[in-house]
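What follows is one structure encoded as structure tokens, with my remarks underneath.
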Amino acid sequence: MIRETLTAIGHAGRHSLVQISPKLEVETQITQVREWSFAMPNLARVTVANSPIHQIYVGLSRPLAALLSQKQGMFEVLLENFKQALVMRVPAKRPIGSWQILDSGGDTQILRGCRSFILRQQTVAGNLYLMADVASRCEYEILRQEDWETELAASLLPRDLGRNDAVENPVALDRLATYLARCEHDLELLVPGIDGNVHSCNAVVLGRNKDGEHGRMLVSLDLEKDMRAELQPGLELEGSFGAAGRVFRYRTKCVGQESLTLEKVAGLPCYLFDLPERYHLDQRRRYFRVHPGGKLLARVHVLPPEAASDHGADPLIAHVDRPAKPPRDALTATIDDLSFSGAGLVIDGDGPSQLTKDCLVVIWIEGDGLKQTAELTGLVRRLDSQPLGRGKMRTSVGLEFVVRGPGDRQSTQVVRQYVMAQQRRLLSNRSADAQPV
């Protein structure tokens, strides 16, 4: 469904450009991104209800905007043509499209998520940018039928999944691969870099095939361009994903690159990986979450509001000054829980007024069990203050880690190693305390 959706978006963009001038030749490039911030004077948002499209930002380069400005209302005509062509092609029943021109002086928009794609359609008259956030087949089907994934998991995943520590039976492995491809499942991959660091990236399963006796899975990655050169055939990687209440961990090898053709629109850069021969099952959660075995302290620095909507062309380029170490006025917090994707903090008092929901912060975590201080960027997802009596307050903060640079990537791996070590300790203690049957 992701393939068909991106194809529909590409065709709709080409159709809208050709309607302006039939002589225009359109060349399309497509890239998957994890996070992208952008601000354009000519920007619109297109949504298609009852479809796998969450939203599409439509932007114009300066030359193309200048061409459209020669005749009043041409941008609106382009958007209407794009919407109509998109509704005709999107893989959904009874889709309803709409568009809205955004305020030219408004906030910078942010495209974020593991299924975010940028289609850059180049012409001699200028470029059309289509920045899309789309749904996987699983996400789309669940909106229509709540039990879709549960029923698919029941038919394909091992029935005794709750009692097993691994999946390695050939038949079960084949069924699990079918499940991942049917769902267009999200994966997390750890890519070893030549710099000695481990880089994490998100991946989306777009299909599976077989080369002789070897099964392959085709995935699209949100890996930075300079890291793609390091994904050479034979490189071994670690990965994980959540399904049916368990976390699956596995090892795989890169087979090579492969371009997924989108019906003469463009080629989506993808990679082929060996289907794993074994999956380890860790716990009944989509993500690990542990309480620290020792004391972990965090220093928290609230970034200014403009940090959440960075105006840089590349989101990894910082345009907001962030301190290299905790400033004197940084908040002190205790780590209540920690996972691959975020942390729960506890702060004495009600916190400063700058600490609000959806703001960005920098946190430095150190303490027992951490090999080094972890410096991370966090998005405040939850903020609750509770009275303790006698005028005292306690504030609970839920953070989601976001990647804003190489330091964030390295620190998330430090956190991952800590969480996995804590999980092994807890499982070991649980096994030691278990009564013999």
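Residues in the structure tokens are numbered from 1 in each chain, the chains being A, B, ... in the order shown, and ligands are numbered from 1 in the order shown.
Taking only C-alpha atoms, the non-local environment of A:Thr261 within 12 Å (same-chain residues fewer than 4 positions away omitted) comprises A:Arg3, A:Glu4, A:Leu6, A:Thr7, A:Gly10, A:Thr28, A:Gln29, A:Ile30, A:Leu206, A:Val265, A:Ala266, A:Gly267, A:Leu268, A:Pro269, A:Cys270.
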List every residue of stretch 165-306 of chain A that DSSP, applied to the backbone of this structure, assigns to strand (DSSP E), and report them as an mmCIF file with C-alpha atoms, in the first residue's frame.
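Printed below is selection.cif as written:
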```cif
data_model
loop_
_atom_site.group_PDB
_atom_site.id
_atom_site.type_symbol
_atom_site.label_atom_id
_atom_site.label_comp_id
_atom_site.auth_asym_id
_atom_site.auth_seq_id
_atom_site.Cartn_x
_atom_site.Cartn_y
_atom_site.Cartn_z
ATOM 1 C CA ALA A 166 12.800 -17.524 20.314
ATOM 2 C CA VAL A 167 11.283 -18.199 16.902
ATOM 3 C CA ASP A 186 8.178 -0.740 10.987
ATOM 4 C CA LEU A 187 11.630 -1.959 12.022
ATOM 5 C CA GLU A 188 14.561 -0.467 13.866
ATOM 6 C CA LEU A 189 18.047 -1.238 12.567
ATOM 7 C CA LEU A 190 21.454 -0.592 14.126
ATOM 8 C CA VAL A 191 24.084 0.252 11.511
ATOM 9 C CA PRO A 192 27.771 0.094 12.537
ATOM 10 C CA VAL A 198 26.459 2.617 15.985
ATOM 11 C CA HIS A 199 23.763 4.517 14.096
ATOM 12 C CA SER A 200 20.072 3.717 14.435
ATOM 13 C CA CYS A 201 17.563 4.092 11.643
ATOM 14 C CA ASN A 202 13.950 3.233 11.021
ATOM 15 C CA ALA A 203 12.927 0.906 8.228
ATOM 16 C CA VAL A 204 9.664 -0.070 6.567
ATOM 17 C CA VAL A 205 9.151 -3.533 5.100
ATOM 18 C CA LEU A 206 7.877 -3.128 1.531
ATOM 19 C CA GLY A 207 8.024 -6.729 0.365
ATOM 20 C CA ARG A 208 9.777 -10.087 0.377
ATOM 21 C CA ASN A 209 11.227 -12.354 -2.275
ATOM 22 C CA LYS A 210 13.396 -15.416 -2.646
ATOM 23 C CA ASP A 211 16.766 -15.897 -4.322
ATOM 24 C CA HIS A 214 17.525 -17.603 0.590
ATOM 25 C CA GLY A 215 14.619 -15.405 1.605
ATOM 26 C CA ARG A 216 15.004 -11.628 1.361
ATOM 27 C CA MET A 217 13.076 -8.669 2.673
ATOM 28 C CA LEU A 218 12.927 -5.362 0.834
ATOM 29 C CA VAL A 219 13.018 -2.331 3.112
ATOM 30 C CA SER A 220 13.170 1.441 2.809
ATOM 31 C CA LEU A 221 15.405 3.246 5.313
ATOM 32 C CA GLU A 236 25.794 -7.634 9.512
ATOM 33 C CA LEU A 237 23.239 -5.589 11.455
ATOM 34 C CA GLU A 238 21.005 -5.937 14.478
ATOM 35 C CA GLY A 239 17.326 -5.095 14.364
ATOM 36 C CA SER A 240 14.162 -5.172 16.417
ATOM 37 C CA PHE A 241 10.418 -4.615 16.128
ATOM 38 C CA GLY A 242 7.344 -5.008 18.282
ATOM 39 C CA ALA A 243 4.417 -7.319 17.509
ATOM 40 C CA ARG A 246 6.511 -8.968 22.316
ATOM 41 C CA VAL A 247 9.807 -7.434 21.206
ATOM 42 C CA PHE A 248 11.547 -9.384 18.432
ATOM 43 C CA ARG A 249 15.334 -9.014 18.128
ATOM 44 C CA TYR A 250 17.291 -10.453 15.220
ATOM 45 C CA ARG A 251 20.471 -10.300 13.184
ATOM 46 C CA THR A 252 20.530 -9.898 9.427
ATOM 47 C CA LYS A 253 22.942 -9.196 6.568
ATOM 48 C CA CYS A 254 22.720 -6.571 3.889
ATOM 49 C CA VAL A 255 22.434 -8.120 0.426
ATOM 50 C CA GLY A 256 22.613 -4.863 -1.523
ATOM 51 C CA GLN A 257 20.634 -1.943 -2.858
ATOM 52 C CA GLU A 258 17.525 -2.220 -4.986
ATOM 53 C CA SER A 259 15.330 0.502 -6.451
ATOM 54 C CA LEU A 260 11.586 -0.020 -6.038
ATOM 55 C CA THR A 261 9.923 1.231 -9.231
ATOM 56 C CA GLY A 267 12.592 4.711 -8.131
ATOM 57 C CA LEU A 268 12.454 4.531 -4.333
ATOM 58 C CA PRO A 269 15.958 3.670 -3.000
ATOM 59 C CA CYS A 270 15.634 0.470 -0.947
ATOM 60 C CA TYR A 271 17.814 -2.314 0.439
ATOM 61 C CA LEU A 272 17.589 -6.085 0.434
ATOM 62 C CA PHE A 273 18.338 -7.931 3.683
ATOM 63 C CA ASP A 274 18.476 -11.621 4.464
ATOM 64 C CA TYR A 279 14.232 -14.103 16.347
ATOM 65 C CA HIS A 280 14.807 -13.608 20.059
ATOM 66 C CA LEU A 281 11.781 -12.611 22.150
ATOM 67 C CA ARG A 289 10.918 0.019 29.599
ATOM 68 C CA VAL A 290 12.805 -0.509 32.841
ATOM 69 C CA LEU A 296 20.284 7.858 37.502
ATOM 70 C CA LEU A 297 20.220 11.644 37.552
ATOM 71 C CA ALA A 298 19.431 13.989 34.700
ATOM 72 C CA ARG A 299 20.157 17.650 34.149
ATOM 73 C CA VAL A 300 17.488 19.290 32.005
ATOM 74 C CA HIS A 301 17.868 22.419 29.894
ATOM 75 C CA VAL A 302 14.789 23.815 28.117
#
```
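Residues in contact with A:Asp103 at up to 10 Å, not including ones fewer than 4 positions away on its chain and judged by only C-alpha atoms, are Met40, Pro41, Asn42, Leu43, Ala44 and Asp107 of chain A.
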Minimum-distance residue to A:Ile347, chosen among A:Leu130, A:Val361, A:Ala307, A:Leu383 (using only C-alpha atoms): A:Leu383
A:Ile96 surroundings by only C-alpha atoms, 10 Å radius, close-in-sequence under 3 positions cut, as a ChimeraX atom specification: /A:47-51,83-84,86-87,92-93
Picked from stretch 191-406 of chain A by DSSP as helix (DSSP H, G or I), as a ChimeraX atom specification: /A:225-228,305-309,406
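Using only C-alpha atoms, the nearest neighbour of A:Phe75 within the list A:Ile365, A:Leu128, A:Leu303, A:Met227 is A:Leu128.
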Close residues, stretch 58-68 of chain A itself excluded, 10 Å, only C-alpha atoms, min 6 positions apart in chain, as number ranges by chain: A: 13, 17, 20, 38-46, 74-79, 82, 99-102, 119-132
Polymer residues at most 12 Å from A:Ile142, only C-alpha atoms, same-chain spacing of 3 or more positions, as number ranges by chain: A: 50-52, 135-139, 145-152, 183
Selection above as a file: all heavy atoms, as a tab-separated table (two decimals), in the first residue's frame:
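File out_1.tsv, as written:
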```
chain	number	residue	atom	x	y	z
A	50	ASN	N	-10.24	9.02	4.66
A	50	ASN	CA	-10.54	7.64	4.28
A	50	ASN	C	-9.46	7.05	3.38
A	50	ASN	O	-9.74	6.23	2.50
A	50	ASN	CB	-11.89	7.54	3.55
A	50	ASN	CG	-13.03	8.13	4.36
A	50	ASN	OD1	-13.04	8.04	5.58
A	50	ASN	ND2	-13.98	8.74	3.69
A	51	SER	N	-8.22	7.47	3.57
A	51	SER	CA	-7.12	6.99	2.74
A	51	SER	C	-5.88	6.78	3.60
A	51	SER	O	-5.83	7.23	4.75
A	51	SER	CB	-6.82	8.00	1.62
A	51	SER	OG	-5.92	9.00	2.07
A	52	PRO	N	-4.84	6.13	3.05
A	52	PRO	CA	-3.59	5.96	3.81
A	52	PRO	C	-2.72	7.21	3.84
A	52	PRO	O	-1.58	7.13	4.30
A	52	PRO	CB	-2.90	4.81	3.07
A	52	PRO	CG	-3.43	4.87	1.70
A	52	PRO	CD	-4.83	5.35	1.80
A	135	ALA	N	0.49	6.16	5.74
A	135	ALA	CA	0.23	5.05	6.65
A	135	ALA	C	0.67	3.74	6.00
A	135	ALA	O	0.64	3.59	4.78
A	135	ALA	CB	-1.25	4.99	7.00
A	136	SER	N	1.06	2.78	6.83
A	136	SER	CA	1.30	1.43	6.36
A	136	SER	C	-0.05	0.74	6.14
A	136	SER	O	-1.10	1.25	6.56
A	136	SER	CB	2.12	0.65	7.38
A	136	SER	OG	1.38	0.51	8.58
A	137	ARG	N	-0.02	-0.42	5.50
A	137	ARG	CA	-1.28	-1.16	5.33
A	137	ARG	C	-1.89	-1.51	6.68
A	137	ARG	O	-3.10	-1.42	6.86
A	137	ARG	CB	-1.04	-2.43	4.51
A	137	ARG	CG	-2.30	-3.28	4.36
A	137	ARG	CD	-2.10	-4.41	3.39
A	137	ARG	NE	-1.90	-3.93	2.04
A	137	ARG	CZ	-2.88	-3.56	1.22
A	137	ARG	NH1	-4.12	-3.57	1.63
A	137	ARG	NH2	-2.60	-3.15	0.01
A	138	CYS	N	-1.06	-1.88	7.64
A	138	CYS	CA	-1.57	-2.24	8.96
A	138	CYS	C	-2.28	-1.06	9.61
A	138	CYS	O	-3.40	-1.19	10.11
A	138	CYS	CB	-0.42	-2.73	9.83
A	138	CYS	SG	-0.91	-3.25	11.49
A	139	GLU	N	-1.63	0.10	9.59
A	139	GLU	CA	-2.23	1.28	10.21
A	139	GLU	C	-3.53	1.66	9.52
A	139	GLU	O	-4.53	2.01	10.17
A	139	GLU	CB	-1.25	2.44	10.16
A	139	GLU	CG	-1.72	3.70	10.88
A	139	GLU	CD	-0.72	4.82	10.81
A	139	GLU	OE1	0.36	4.64	10.21
A	139	GLU	OE2	-1.02	5.91	11.35
A	145	GLN	N	-10.88	-1.49	10.46
A	145	GLN	CA	-11.25	-2.69	11.21
A	145	GLN	C	-10.28	-2.84	12.37
A	145	GLN	O	-9.12	-3.20	12.18
A	145	GLN	CB	-11.22	-3.92	10.30
A	145	GLN	CG	-11.58	-5.21	11.00
A	145	GLN	CD	-11.40	-6.42	10.08
A	145	GLN	OE1	-11.30	-6.27	8.87
A	145	GLN	NE2	-11.35	-7.60	10.67
A	146	GLU	N	-10.74	-2.56	13.55
A	146	GLU	CA	-9.86	-2.46	14.72
A	146	GLU	C	-9.07	-3.74	14.98
A	146	GLU	O	-7.93	-3.68	15.44
A	146	GLU	CB	-10.70	-2.10	15.95
A	146	GLU	CG	-9.88	-1.82	17.20
A	146	GLU	CD	-10.74	-1.38	18.36
A	146	GLU	OE1	-11.96	-1.16	18.16
A	146	GLU	OE2	-10.21	-1.25	19.48
A	147	ASP	N	-9.63	-4.89	14.69
A	147	ASP	CA	-8.98	-6.17	15.02
A	147	ASP	C	-8.17	-6.73	13.85
A	147	ASP	O	-7.80	-7.91	13.87
A	147	ASP	CB	-10.04	-7.19	15.44
A	147	ASP	CG	-10.76	-6.78	16.73
A	147	ASP	OD1	-10.12	-6.11	17.56
A	147	ASP	OD2	-11.95	-7.12	16.88
A	148	TRP	N	-7.90	-5.91	12.82
A	148	TRP	CA	-7.23	-6.44	11.63
A	148	TRP	C	-5.87	-7.03	11.97
A	148	TRP	O	-5.57	-8.17	11.60
A	148	TRP	CB	-7.05	-5.31	10.60
A	148	TRP	CG	-6.51	-5.77	9.29
A	148	TRP	CD1	-7.20	-6.24	8.22
A	148	TRP	CD2	-5.12	-5.79	8.90
A	148	TRP	NE1	-6.35	-6.56	7.18
A	148	TRP	CE2	-5.07	-6.29	7.57
A	148	TRP	CE3	-3.94	-5.44	9.52
A	148	TRP	CZ2	-3.87	-6.44	6.87
A	148	TRP	CZ3	-2.74	-5.60	8.83
A	148	TRP	CH2	-2.71	-6.09	7.53
A	149	GLU	N	-5.02	-6.30	12.68
A	149	GLU	CA	-3.68	-6.81	13.00
A	149	GLU	C	-3.76	-8.00	13.95
A	149	GLU	O	-3.00	-8.97	13.81
A	149	GLU	CB	-2.81	-5.72	13.61
A	149	GLU	CG	-1.39	-6.18	13.89
A	149	GLU	CD	-0.53	-5.12	14.55
A	149	GLU	OE1	-1.07	-4.11	15.02
A	149	GLU	OE2	0.70	-5.32	14.61
A	150	THR	N	-4.68	-7.95	14.91
A	150	THR	CA	-4.82	-9.05	15.86
A	150	THR	C	-5.18	-10.34	15.14
A	150	THR	O	-4.64	-11.42	15.42
A	150	THR	CB	-5.89	-8.71	16.91
A	150	THR	OG1	-5.53	-7.49	17.57
A	150	THR	CG2	-6.00	-9.82	17.94
A	151	GLU	N	-6.11	-10.24	14.20
A	151	GLU	CA	-6.52	-11.43	13.45
A	151	GLU	C	-5.41	-11.94	12.54
A	151	GLU	O	-5.21	-13.15	12.40
A	151	GLU	CB	-7.77	-11.10	12.62
A	151	GLU	CG	-9.00	-10.81	13.48
A	151	GLU	CD	-10.19	-10.36	12.66
A	151	GLU	OE1	-10.05	-10.28	11.42
A	151	GLU	OE2	-11.26	-10.10	13.25
A	152	LEU	N	-4.65	-11.00	11.93
A	152	LEU	CA	-3.54	-11.42	11.10
A	152	LEU	C	-2.45	-12.09	11.94
A	152	LEU	O	-1.88	-13.11	11.53
A	152	LEU	CB	-2.96	-10.20	10.37
A	152	LEU	CG	-1.86	-10.50	9.34
A	152	LEU	CD1	-2.44	-11.29	8.17
A	152	LEU	CD2	-1.22	-9.22	8.83
A	183	CYS	N	1.87	-6.43	6.78
A	183	CYS	CA	1.65	-5.26	7.63
A	183	CYS	C	2.42	-4.03	7.14
A	183	CYS	O	2.11	-2.91	7.52
A	183	CYS	CB	2.07	-5.55	9.07
A	183	CYS	SG	0.97	-6.61	10.00
```
Name the residues in contact with A:Leu370 at a cut-off of 8 Å, using only C-alpha atoms, excluding same-chain residues fewer than 3 positions from it; report them as a short mmCIF file (atom, residue, chain, number, x, y, z; two decimals) with C-alpha atoms, in the first residue's frame.
```cif
data_model
loop_
_atom_site.label_atom_id
_atom_site.label_comp_id
_atom_site.auth_asym_id
_atom_site.auth_seq_id
_atom_site.Cartn_x
_atom_site.Cartn_y
_atom_site.Cartn_z
CA GLU A 366 24.61 9.94 34.25
CA GLY A 367 24.75 7.47 37.08
CA THR A 373 27.15 10.59 30.13
CA VAL A 414 24.22 4.24 25.22
CA VAL A 415 20.68 4.26 26.61
CA TYR A 418 21.82 0.29 29.53
#
```
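Residue nearest A:Arg175 within the list A:Val380, A:Ala153, A:Ile118, A:Leu24: A:Ala153 [criterion: smallest interatomic distance, only C-alpha atoms].
With distances restricted to only C-alpha atoms, A:Thr5 is the closest residue to A:Arg115 from A:Ser37, A:Thr5, A:Gln232, A:Ser69.
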